[in-house]
>>> print(open('my_file.tsv').read())   # TSV, C-alpha atoms
chain	number	residue	atom	x	y	z
A	1	MET	CA	227.93	236.21	142.89
A	2	THR	CA	224.32	237.26	142.32
A	3	GLN	CA	222.09	234.33	141.48
A	4	ARG	CA	219.61	234.69	138.68
A	5	THR	CA	215.91	234.24	139.31
A	6	PRO	CA	214.04	231.54	137.36
A	7	ALA	CA	212.62	234.26	135.10
A	8	GLU	CA	216.16	235.42	134.29
A	9	LEU	CA	217.56	231.98	133.43
A	10	PRO	CA	216.34	231.59	129.81
A	11	ARG	CA	218.43	233.14	127.07
A	12	ASP	CA	217.52	236.67	125.98
A	13	GLY	CA	214.31	236.89	123.98
A	14	PHE	CA	213.25	233.29	124.58
A	15	ASP	CA	210.17	234.39	126.50
A	16	THR	CA	208.78	235.90	123.29
A	17	ILE	CA	208.59	232.51	121.57
A	18	PRO	CA	204.93	231.39	121.62
A	19	ILE	CA	203.69	228.07	122.95
A	20	TYR	CA	201.58	226.21	120.40
A	21	ARG	CA	197.97	225.88	121.51
A	22	THR	CA	194.82	224.36	120.10
A	23	GLY	CA	191.18	224.83	120.99
A	24	ALA	CA	189.19	222.72	123.42
A	25	ALA	CA	188.28	219.17	122.41
A	26	VAL	CA	185.34	218.78	120.02
A	27	GLU	CA	183.30	215.85	118.75
A	28	VAL	CA	184.34	216.35	115.12
A	29	ASN	CA	187.76	217.91	114.55
A	30	LEU	CA	188.03	219.50	111.10
A	31	ALA	CA	190.84	221.81	112.21
A	32	ASP	CA	194.03	219.72	112.11
A	33	ASN	CA	194.10	218.30	108.55
A	34	THR	CA	194.42	214.71	109.76
A	35	ASN	CA	192.91	211.55	108.24
A	36	LEU	CA	189.31	211.64	109.45
A	37	TRP	CA	188.70	208.06	108.36
A	38	GLY	CA	190.91	206.95	111.25
A	39	THR	CA	193.95	204.71	111.64
A	40	PRO	CA	194.71	202.37	108.73
A	41	PRO	CA	193.59	198.81	109.56
A	42	HIS	CA	196.93	196.98	109.45
A	43	ALA	CA	198.64	199.77	111.37
A	44	ALA	CA	195.90	199.53	114.00
A	45	ALA	CA	196.39	195.77	114.17
A	46	ALA	CA	200.12	196.25	114.69
A	47	LEU	CA	199.39	198.56	117.60
A	48	ARG	CA	196.92	196.14	119.14
A	49	ALA	CA	199.46	193.31	118.90
A	50	GLY	CA	201.90	195.36	120.95
A	51	LEU	CA	205.50	194.40	121.64
A	52	ASP	CA	208.02	194.35	124.46
A	53	VAL	CA	208.96	197.96	125.11
A	54	ALA	CA	211.36	197.28	127.98
A	55	GLU	CA	214.27	197.91	125.62
A	56	TYR	CA	215.09	201.03	123.65
A	57	PRO	CA	213.79	201.27	120.07
A	58	ASP	CA	216.10	201.18	117.07
A	59	LEU	CA	218.57	204.05	117.19
A	60	TYR	CA	217.52	205.72	113.94
A	61	GLY	CA	214.41	203.86	112.74
A	62	GLN	CA	216.10	201.42	110.36
A	63	SER	CA	212.98	199.46	109.32
A	64	LEU	CA	211.17	202.69	108.38
A	65	LYS	CA	214.26	203.89	106.51
A	66	GLU	CA	214.31	200.67	104.52
A	67	THR	CA	210.57	200.90	103.78
A	68	VAL	CA	210.81	204.48	102.51
A	69	ALA	CA	213.93	203.64	100.51
A	70	ALA	CA	212.35	200.61	98.84
A	71	GLN	CA	209.28	202.60	97.79
A	72	ALA	CA	211.29	205.56	96.50
A	73	GLY	CA	214.01	203.50	94.81
A	74	ILE	CA	216.82	205.04	96.86
A	75	ALA	CA	219.35	203.86	99.43
A	76	PRO	CA	218.36	203.69	103.14
A	77	SER	CA	221.28	206.03	103.85
A	78	CYS	CA	219.27	208.74	102.06
A	79	VAL	CA	216.49	208.62	104.68
A	80	VAL	CA	216.36	210.17	108.15
A	81	THR	CA	213.43	209.48	110.49
A	82	GLY	CA	212.01	211.62	113.25
A	83	ASN	CA	209.31	212.33	115.78
A	84	GLY	CA	206.96	213.74	113.14
A	85	SER	CA	208.17	215.85	110.23
A	86	ASP	CA	208.37	218.73	112.75
A	87	ASP	CA	211.41	216.94	114.15
A	88	ILE	CA	213.05	216.82	110.72
A	89	LEU	CA	212.50	220.56	110.24
A	90	ASP	CA	213.80	221.44	113.71
A	91	CYS	CA	216.89	219.23	113.43
A	92	ALA	CA	217.71	220.43	109.90
A	93	ILE	CA	217.56	224.06	110.97
A	94	ARG	CA	219.79	223.38	113.96
A	95	ALA	CA	222.29	221.44	111.82
A	96	PHE	CA	222.54	223.78	108.83
A	97	ALA	CA	222.23	227.29	110.28
A	98	ALA	CA	224.11	228.99	113.08
A	99	GLN	CA	222.73	231.56	115.49
A	100	GLY	CA	222.27	234.80	113.61
A	101	ASP	CA	221.75	233.15	110.23
A	102	THR	CA	218.43	233.51	108.42
A	103	ILE	CA	215.75	231.12	107.21
A	104	ALA	CA	213.42	232.43	104.50
A	105	HIS	CA	209.88	231.13	104.29
A	106	PRO	CA	206.66	231.96	102.45
A	107	ASP	CA	204.10	233.94	104.41
A	108	PRO	CA	201.69	232.57	105.41
A	109	THR	CA	202.98	229.02	105.80
A	110	PHE	CA	203.27	226.28	108.43
A	111	VAL	CA	202.96	228.23	111.65
A	112	MET	CA	205.72	226.36	113.51
A	113	LEU	CA	208.44	226.98	110.93
A	114	PRO	CA	209.44	230.49	112.10
A	115	VAL	CA	209.12	229.27	115.68
A	116	PHE	CA	211.63	226.47	115.04
A	117	GLY	CA	213.94	229.08	113.54
A	118	ARG	CA	213.76	231.30	116.60
A	119	ILE	CA	214.15	228.36	119.00
A	120	ASN	CA	217.43	227.58	117.26
A	121	GLY	CA	218.59	231.21	117.26
A	122	VAL	CA	217.97	231.57	113.52
A	123	THR	CA	216.13	234.63	112.23
A	124	PRO	CA	212.98	233.91	110.18
A	125	VAL	CA	212.51	236.08	107.08
A	126	ALA	CA	208.89	236.09	105.90
A	127	VAL	CA	208.34	236.42	102.15
A	128	PRO	CA	204.73	237.21	101.10
A	129	LEU	CA	203.01	234.88	98.69
A	130	THR	CA	202.21	236.17	95.22
A	131	ALA	CA	198.78	237.53	94.33
A	132	SER	CA	197.82	234.01	93.18
A	133	HIS	CA	198.94	232.60	96.56
A	134	THR	CA	201.98	230.76	95.18
A	135	MET	CA	205.49	231.10	96.55
A	136	ASP	CA	207.48	234.11	95.30
A	137	VAL	CA	210.61	232.43	94.00
A	138	ASP	CA	212.50	235.62	93.10
A	139	ALA	CA	211.87	237.15	96.52
A	140	LEU	CA	212.83	233.97	98.38
A	141	LEU	CA	216.10	233.69	96.49
A	142	ALA	CA	216.81	237.41	96.94
A	143	THR	CA	216.97	236.96	100.72
A	144	GLY	CA	220.25	235.07	100.39
A	145	ALA	CA	219.11	233.03	103.40
A	146	ARG	CA	221.20	230.17	104.74
A	147	ILE	CA	218.05	228.01	104.57
A	148	ILE	CA	214.96	228.40	102.39
A	149	TYR	CA	211.80	226.60	103.48
A	150	LEU	CA	209.13	225.67	100.93
A	151	CYS	CA	205.80	224.07	101.82
A	152	GLN	CA	204.41	222.31	98.76
A	153	PRO	CA	201.40	222.32	98.73
A	154	ASN	CA	201.32	225.18	101.19
A	155	ASN	CA	199.64	225.22	104.59
A	156	PRO	CA	197.36	227.04	105.46
A	157	THR	CA	196.42	228.21	101.98
A	158	GLY	CA	196.28	224.75	100.34
A	159	THR	CA	197.74	226.24	97.17
A	160	SER	CA	200.43	224.67	94.99
A	161	THR	CA	203.44	226.37	93.41
A	162	PRO	CA	204.52	225.28	89.89
A	163	ALA	CA	207.08	222.47	89.97
A	164	ALA	CA	209.48	224.47	87.80
A	165	ASP	CA	209.57	227.20	90.44
A	166	ILE	CA	210.34	224.68	93.19
A	167	ARG	CA	213.17	223.24	91.13
A	168	ARG	CA	214.54	226.69	90.45
A	169	VAL	CA	214.80	227.46	94.16
A	170	ILE	CA	216.62	224.17	94.74
A	171	ALA	CA	219.01	224.87	91.86
A	172	GLU	CA	219.80	228.48	92.76
A	173	ALA	CA	219.60	228.64	96.57
A	174	PRO	CA	222.91	229.47	98.27
A	175	GLY	CA	222.28	227.03	101.13
A	176	LEU	CA	219.94	224.25	102.18
A	177	VAL	CA	216.36	224.03	100.87
A	178	ILE	CA	213.80	222.31	103.08
A	179	LEU	CA	210.89	221.09	100.97
A	180	ASP	CA	207.94	220.18	103.18
A	181	GLU	CA	205.66	217.74	101.35
A	182	ALA	CA	203.28	217.05	104.24
A	183	TYR	CA	200.24	217.13	101.93
A	184	VAL	CA	201.70	215.70	98.73
A	185	GLU	CA	199.50	212.59	98.84
A	186	PHE	CA	196.47	214.78	98.07
A	187	SER	CA	198.10	216.79	95.28
A	188	GLY	CA	198.27	214.30	92.42
A	189	ASP	CA	202.02	214.99	92.24
A	190	PRO	CA	204.62	212.35	93.20
A	191	GLY	CA	206.82	214.96	94.84
A	192	LEU	CA	210.59	214.89	94.90
A	193	ILE	CA	211.60	212.13	97.32
A	194	ALA	CA	212.91	209.88	94.54
A	195	GLU	CA	215.04	212.72	93.15
A	196	ALA	CA	216.07	214.37	96.40
A	197	PRO	CA	219.35	212.45	96.93
A	198	SER	CA	220.65	213.62	93.55
A	199	LEU	CA	219.51	217.25	93.88
A	200	GLY	CA	222.34	218.18	96.19
A	201	ARG	CA	221.04	220.88	98.51
A	202	VAL	CA	217.51	219.78	99.41
A	203	VAL	CA	215.90	217.71	102.12
A	204	VAL	CA	212.33	216.61	101.44
A	205	ALA	CA	210.29	216.22	104.62
A	206	ARG	CA	207.19	214.04	104.86
A	207	THR	CA	204.80	213.03	107.61
A	208	LEU	CA	202.56	210.09	108.42
A	209	SER	CA	200.20	212.38	110.35
A	210	LYS	CA	198.05	213.43	107.41
A	211	ALA	CA	197.17	210.89	104.69
A	212	TYR	CA	198.48	207.95	106.73
A	213	GLY	CA	196.33	208.53	109.80
A	214	LEU	CA	199.11	208.23	112.41
A	215	ALA	CA	199.09	211.75	113.87
A	216	GLY	CA	199.01	210.43	117.43
A	217	LEU	CA	202.20	208.42	116.92
A	218	ARG	CA	204.32	211.31	115.60
A	219	VAL	CA	206.17	209.74	112.67
A	220	GLY	CA	208.02	211.66	109.98
A	221	TYR	CA	211.00	211.29	107.70
A	222	GLY	CA	213.27	213.23	105.41
A	223	VAL	CA	214.98	212.24	102.18
A	224	ALA	CA	218.23	213.80	100.96
A	225	SER	CA	221.77	212.93	99.97
A	226	PRO	CA	223.59	210.70	102.48
A	227	GLU	CA	225.74	213.67	103.51
A	228	ILE	CA	222.69	215.74	104.43
A	229	THR	CA	220.84	212.94	106.25
A	230	ALA	CA	223.96	212.09	108.27
A	231	THR	CA	224.25	215.74	109.31
A	232	ILE	CA	220.59	215.86	110.37
A	233	GLU	CA	221.04	212.65	112.38
A	234	ARG	CA	223.89	214.27	114.33
A	235	SER	CA	221.43	217.01	115.24
A	236	ARG	CA	218.56	214.60	115.83
A	237	GLY	CA	220.21	212.19	118.24
A	238	PRO	CA	219.10	208.57	118.83
A	239	TYR	CA	215.81	207.00	119.87
A	240	LYS	CA	213.49	209.69	118.51
A	241	LEU	CA	211.08	207.21	116.89
A	242	ASN	CA	209.42	204.86	119.38
A	243	ALA	CA	209.14	201.15	118.62
A	244	LEU	CA	205.34	200.98	118.37
A	245	ALA	CA	205.24	204.00	116.08
A	246	GLU	CA	207.87	202.50	113.79
A	247	ARG	CA	206.04	199.18	113.54
A	248	ALA	CA	202.71	200.88	112.76
A	249	ALA	CA	204.35	203.20	110.24
A	250	VAL	CA	205.87	200.31	108.29
A	251	ALA	CA	202.49	198.53	108.26
A	252	ALA	CA	200.73	201.69	107.07
A	253	MET	CA	203.20	202.28	104.25
A	254	THR	CA	203.16	198.67	103.02
A	255	LEU	CA	200.08	196.62	103.98
A	256	ASP	CA	197.77	199.66	104.15
A	257	HIS	CA	198.99	201.41	101.00
A	258	ASP	CA	195.82	200.86	98.97
A	259	TRP	CA	193.61	201.92	101.90
A	260	VAL	CA	195.59	205.14	102.32
A	261	VAL	CA	195.40	205.96	98.61
A	262	ALA	CA	191.64	205.36	98.57
A	263	ARG	CA	191.01	207.54	101.62
A	264	ALA	CA	193.16	210.34	100.20
A	265	ALA	CA	191.16	210.21	96.97
A	266	GLU	CA	187.91	210.36	98.95
A	267	ALA	CA	189.21	213.37	100.89
A	268	VAL	CA	189.91	215.18	97.61
A	269	VAL	CA	186.42	214.41	96.27
A	270	ASN	CA	184.78	215.65	99.46
A	271	ARG	CA	187.04	218.70	99.58
A	272	ASP	CA	185.87	219.76	96.14
A	273	ARG	CA	182.27	218.91	96.96
A	274	VAL	CA	182.24	221.06	100.11
A	275	ALA	CA	183.98	223.87	98.19
A	276	ALA	CA	181.10	223.83	95.70
A	277	GLU	CA	178.57	223.89	98.55
A	278	LEU	CA	180.34	226.82	100.21
A	279	ALA	CA	180.40	228.72	96.93
A	280	THR	CA	176.60	228.60	96.79
A	281	ARG	CA	176.71	230.35	100.17
A	282	GLY	CA	179.01	233.10	98.92
A	283	LEU	CA	182.16	231.59	100.43
A	284	VAL	CA	184.81	231.00	97.76
A	285	ALA	CA	187.71	228.77	98.79
A	286	LEU	CA	191.22	229.13	97.42
A	287	PRO	CA	192.28	226.44	94.93
A	288	SER	CA	193.48	223.50	97.04
A	289	ALA	CA	195.93	220.66	96.38
A	290	THR	CA	195.59	219.34	99.94
A	291	ASN	CA	192.98	217.66	102.14
A	292	PHE	CA	191.70	221.02	103.39
A	293	LEU	CA	190.21	224.27	102.17
A	294	CYS	CA	191.28	227.80	102.97
A	295	VAL	CA	188.17	229.98	102.80
A	296	PRO	CA	188.65	233.76	102.98
A	297	THR	CA	185.92	235.46	104.99
A	298	ALA	CA	185.76	238.43	107.31
A	299	ARG	CA	183.39	236.39	109.47
A	300	ALA	CA	185.82	233.54	110.13
A	301	VAL	CA	185.56	233.74	113.91
A	302	GLU	CA	181.75	233.75	113.77
A	303	TYR	CA	181.66	230.65	111.59
A	304	ALA	CA	184.17	228.86	113.81
A	305	GLU	CA	182.19	229.69	116.93
A	306	ALA	CA	178.96	228.48	115.34
A	307	ALA	CA	180.63	225.21	114.38
A	308	ARG	CA	182.15	224.73	117.84
A	309	ALA	CA	178.78	225.30	119.45
A	310	ARG	CA	177.65	222.21	117.55
A	311	GLY	CA	180.69	220.09	118.42
A	312	ILE	CA	182.70	220.77	115.27
A	313	GLY	CA	186.18	222.27	115.22
A	314	ILE	CA	187.47	224.33	112.28
A	315	ARG	CA	190.45	226.68	112.25
A	316	ALA	CA	189.76	230.41	112.15
A	317	PHE	CA	192.45	232.92	111.19
A	318	ALA	CA	191.67	236.50	112.09
A	319	SER	CA	194.19	237.95	109.65
A	320	LEU	CA	196.26	235.81	107.29
A	321	PRO	CA	198.89	237.87	105.43
A	322	GLY	CA	197.61	238.78	101.98
A	323	ILE	CA	194.22	237.18	102.69
A	324	GLY	CA	192.67	238.58	105.85
A	325	GLY	CA	190.14	236.56	107.80
A	326	ALA	CA	189.92	232.93	106.73
A	327	LEU	CA	188.75	229.46	107.69
A	328	ARG	CA	190.74	226.25	107.30
A	329	ILE	CA	188.48	223.23	106.95
A	330	THR	CA	189.69	219.63	106.76
A	331	ALA	CA	187.89	217.33	104.33
A	332	GLY	CA	186.49	214.18	105.92
A	333	PRO	CA	183.67	211.69	105.41
A	334	TRP	CA	180.66	213.40	103.87
A	335	ALA	CA	178.49	213.02	106.97
A	336	MET	CA	180.95	215.24	108.84
A	337	MET	CA	180.91	217.81	106.09
A	338	GLU	CA	177.10	217.91	106.09
A	339	ARG	CA	177.17	218.62	109.82
A	340	LEU	CA	179.61	221.45	109.23
A	341	LEU	CA	177.53	223.01	106.46
A	342	ALA	CA	174.42	222.87	108.66
A	343	ALA	CA	176.33	224.62	111.45
A	344	MET	CA	177.62	227.32	109.11
A	345	ASP	CA	174.11	227.93	107.84
A	346	THR	CA	173.14	229.16	111.30
A	347	VAL	CA	175.35	232.25	110.82
A	348	ARG	CA	173.08	234.96	109.42
>>> encode(input="my_file.tsv", output="structure tokens")
Amino acid sequence: MTQRTPAELPRDGFDTIPIYRTGAAVEVNLADNTNLWGTPPHAAAALRAGLDVAEYPDLYGQSLKETVAAQAGIAPSCVVTGNGSDDILDCAIRAFAAQGDTIAHPDPTFVMLPVFGRINGVTPVAVPLTASHTMDVDALLATGARIIYLCQPNNPTGTSTPAADIRRVIAEAPGLVILDEAYVEFSGDPGLIAEAPSLGRVVVARTLSKAYGLAGLRVGYGVASPEITATIERSRGPYKLNALAERAAVAAMTLDHDWVVARAAEAVVNRDRVAAELATRGLVALPSATNFLCVPTARAVEYAEAARARGIGIRAFASLPGIGGALRITAGPWAMMERLLAAMDTVR
């Protein structure tokens, strides 16, 4: 029997799946859409207090389930937790689509979504956004995909699709709908977690990496009917949420709630303020319902390089579908935004 070389061991085509990479570390990171005011105070205190980690954490994150359930007015059985909302997306795809099935998604959208599809042997089907940068409901439904992914508001454009359109996809989709509400806290919309268990074919994914300031702990959850959450948990497996992360997450969602709401509101104010400043410089951002701006410009790479030279990271896209070159800029405390504007002013 001929033995395979290490390069021949992976399944066919797996070497074409990209590894996610970020830029080098910077002093001020405006590229990742995280909470730039830092970790919420009670969550930070919970981390400082520590706990005995010699034992395994809770199997499925029961205290976080109960916290989410109490706030949404649903049963804990309608909540599934994970290692960031990425984990919810990955596990849902694996549980609800077989190899060779398709997952339809808006284009552009969260960059890892089609990657998760391909990792699980599921074919991503990209559906361009409309001219107004909303999701094309008719085209998404026309794919007949086993799973339809919706990012509301969308990343990286920051744009929001009308709620009626989102509900139509959920009502008419032939299979599962994954509704990613990673940025809902900045949108002024309550989202659909309270309704998700009764909507039948949807799982609503949320993260504590953005508004809640816990990106380094990797905490996410999904809300759906008990049948759907149980299926995702079979795919997820146990012990995905570590004990310290779960404790901090519960503190952030309860004791730090007012702090989180206030910081999210400040991010929205500063987002709009920097958008107005950019407009005076001939850079017109897309309408945003998130904590970041998507700014179309053919000089995206130049602006990003100028910012990085001054210790500031922003995300440059060379060619977003339907947009072209663009910058993605996270809104943070105004002192950070002033530094960014000064850096961008050096590009002539």
>>> residues_around(input="my_file.tsv", residues="segment 43-56 of chain A", least_positions_apart="5", cutoff="6 Å", atoms="all atoms listed in the file", output="list in words")
Ala248, Ala251 and Ala252 of chain A
>>> closest_atom_pairs(input="my_file.tsv", of="segment 175-257 of chain A", to="segment 15-38 of chain A", cutoff="6 Å", atoms="all atoms listed in the file", output="Markdown table")
| residue | atom | partner | partner_atom | distance |
| --- | --- | --- | --- | --- |
| A:Lys210 | CA | A:Thr34 | CA | 4.5 |
| A:Ala211 | CA | A:Asn35 | CA | 5.6 |
| A:Gly213 | CA | A:Asn35 | CA | 4.8 |
>>> residues_around(input="my_file.tsv", residues="segment 175-191 of chain A", least_positions_apart="6", cutoff="6 Å", atoms="all atoms listed in the file", output="JSON, numbers by chain")
{"A": [146, 147, 148, 149, 150, 151, 152, 201, 202, 203, 204, 205, 206, 207, 264, 289, 290]}
>>> atom_distance(input="my_file.tsv", atom1="atom CA of Phe96 of chain A", atom2="atom CA of Met253 of chain A")
29.3 Å
>>> atom_distance(input="my_file.tsv", atom1="atom CA of Arg315 of chain A", atom2="atom CA of Val269 of chain A")
20.5 Å
>>> axis_aligned_box(input="my_file.tsv", around="segment 20-26 of chain A", padding_each_side="6 Å", output="AutoDock Vina command-line options")
--center_x 193.5 --center_y 222.5 --center_z 121.7 --size_x 28.2 --size_y 19.4 --size_z 15.4
>>> atom_distance(input="my_file.tsv", atom1="atom CA of Asp256 of chain A", atom2="atom CA of Arg328 of chain A")
27.7 Å
>>> closest_residue(input="my_file.tsv", among="A:Glu8, A:Asp101, A:Asp107, A:Asp272", to="Leu320 of chain A", atoms="all atoms listed in the file")
A:Asp107
>>> closest_residue(input="my_file.tsv", among="A:Glu246, A:Glu195, A:Glu227, A:Asp138", to="Ser63 of chain A", atoms="only C-alpha atoms")
A:Glu246
>>> closest_residue(input="my_file.tsv", among="A:Thr134, A:Leu217, A:Ala249, A:Ala139", to="Leu286 of chain A", atoms="only C-alpha atoms")
A:Thr134
>>> closest_residue(input="my_file.tsv", among="A:Gly200, A:Pro174, A:Gly220, A:Pro108", to="Cys294 of chain A", atoms="all atoms listed in the file")
A:Pro108
>>> closest_residue(input="my_file.tsv", among="A:Asp165, A:Glu302, A:Glu277, A:Asp90", to="Ala342 of chain A", atoms="all atoms listed in the file")
A:Glu277
>>> decode(input="my_file.tsv", residues="segment 261-298 of chain A", atoms="C-alpha atoms", output="compact mmCIF listing (two decimals), in the first residue's frame")
# COMPACT_ATOMS: atom_id res chain seq x y z
CA VAL A 261 -25.90 50.61 26.48
CA ALA A 262 -24.18 53.94 27.18
CA ARG A 263 -21.00 52.96 25.34
CA ALA A 264 -22.98 51.70 22.35
CA ALA A 265 -24.83 55.02 22.20
CA GLU A 266 -21.52 56.90 22.36
CA ALA A 267 -20.15 54.75 19.53
CA VAL A 268 -23.15 55.68 17.37
CA VAL A 269 -22.71 59.40 18.10
CA ASN A 270 -19.01 59.26 17.24
CA ARG A 271 -19.68 57.15 14.15
CA ASP A 272 -21.99 59.82 12.79
CA ARG A 273 -19.62 62.59 13.82
CA VAL A 274 -16.65 61.04 12.01
CA ALA A 275 -18.87 60.38 8.97
CA ALA A 276 -19.64 64.10 8.83
CA GLU A 277 -15.94 64.93 9.15
CA LEU A 278 -15.04 62.51 6.35
CA ALA A 279 -17.73 64.00 4.12
CA THR A 280 -16.02 67.40 4.33
CA ARG A 281 -12.95 65.63 2.94
CA GLY A 282 -14.86 64.15 0.01
CA LEU A 283 -15.24 60.70 1.58
CA VAL A 284 -18.90 59.69 1.80
CA ALA A 285 -19.64 56.70 4.04
CA LEU A 286 -22.49 54.29 3.44
CA PRO A 287 -25.44 54.64 5.83
CA SER A 288 -24.51 52.63 8.93
CA ALA A 289 -26.56 50.87 11.62
CA THR A 290 -23.43 49.49 13.30
CA ASN A 291 -20.44 50.74 15.28
CA PHE A 292 -18.38 51.18 12.11
CA LEU A 293 -18.38 52.99 8.80
CA CYS A 294 -17.84 51.58 5.33
CA VAL A 295 -16.25 54.33 3.24
CA PRO A 296 -15.93 53.73 -0.51
CA THR A 297 -12.69 55.11 -1.92
CA ALA A 298 -10.28 54.06 -4.63
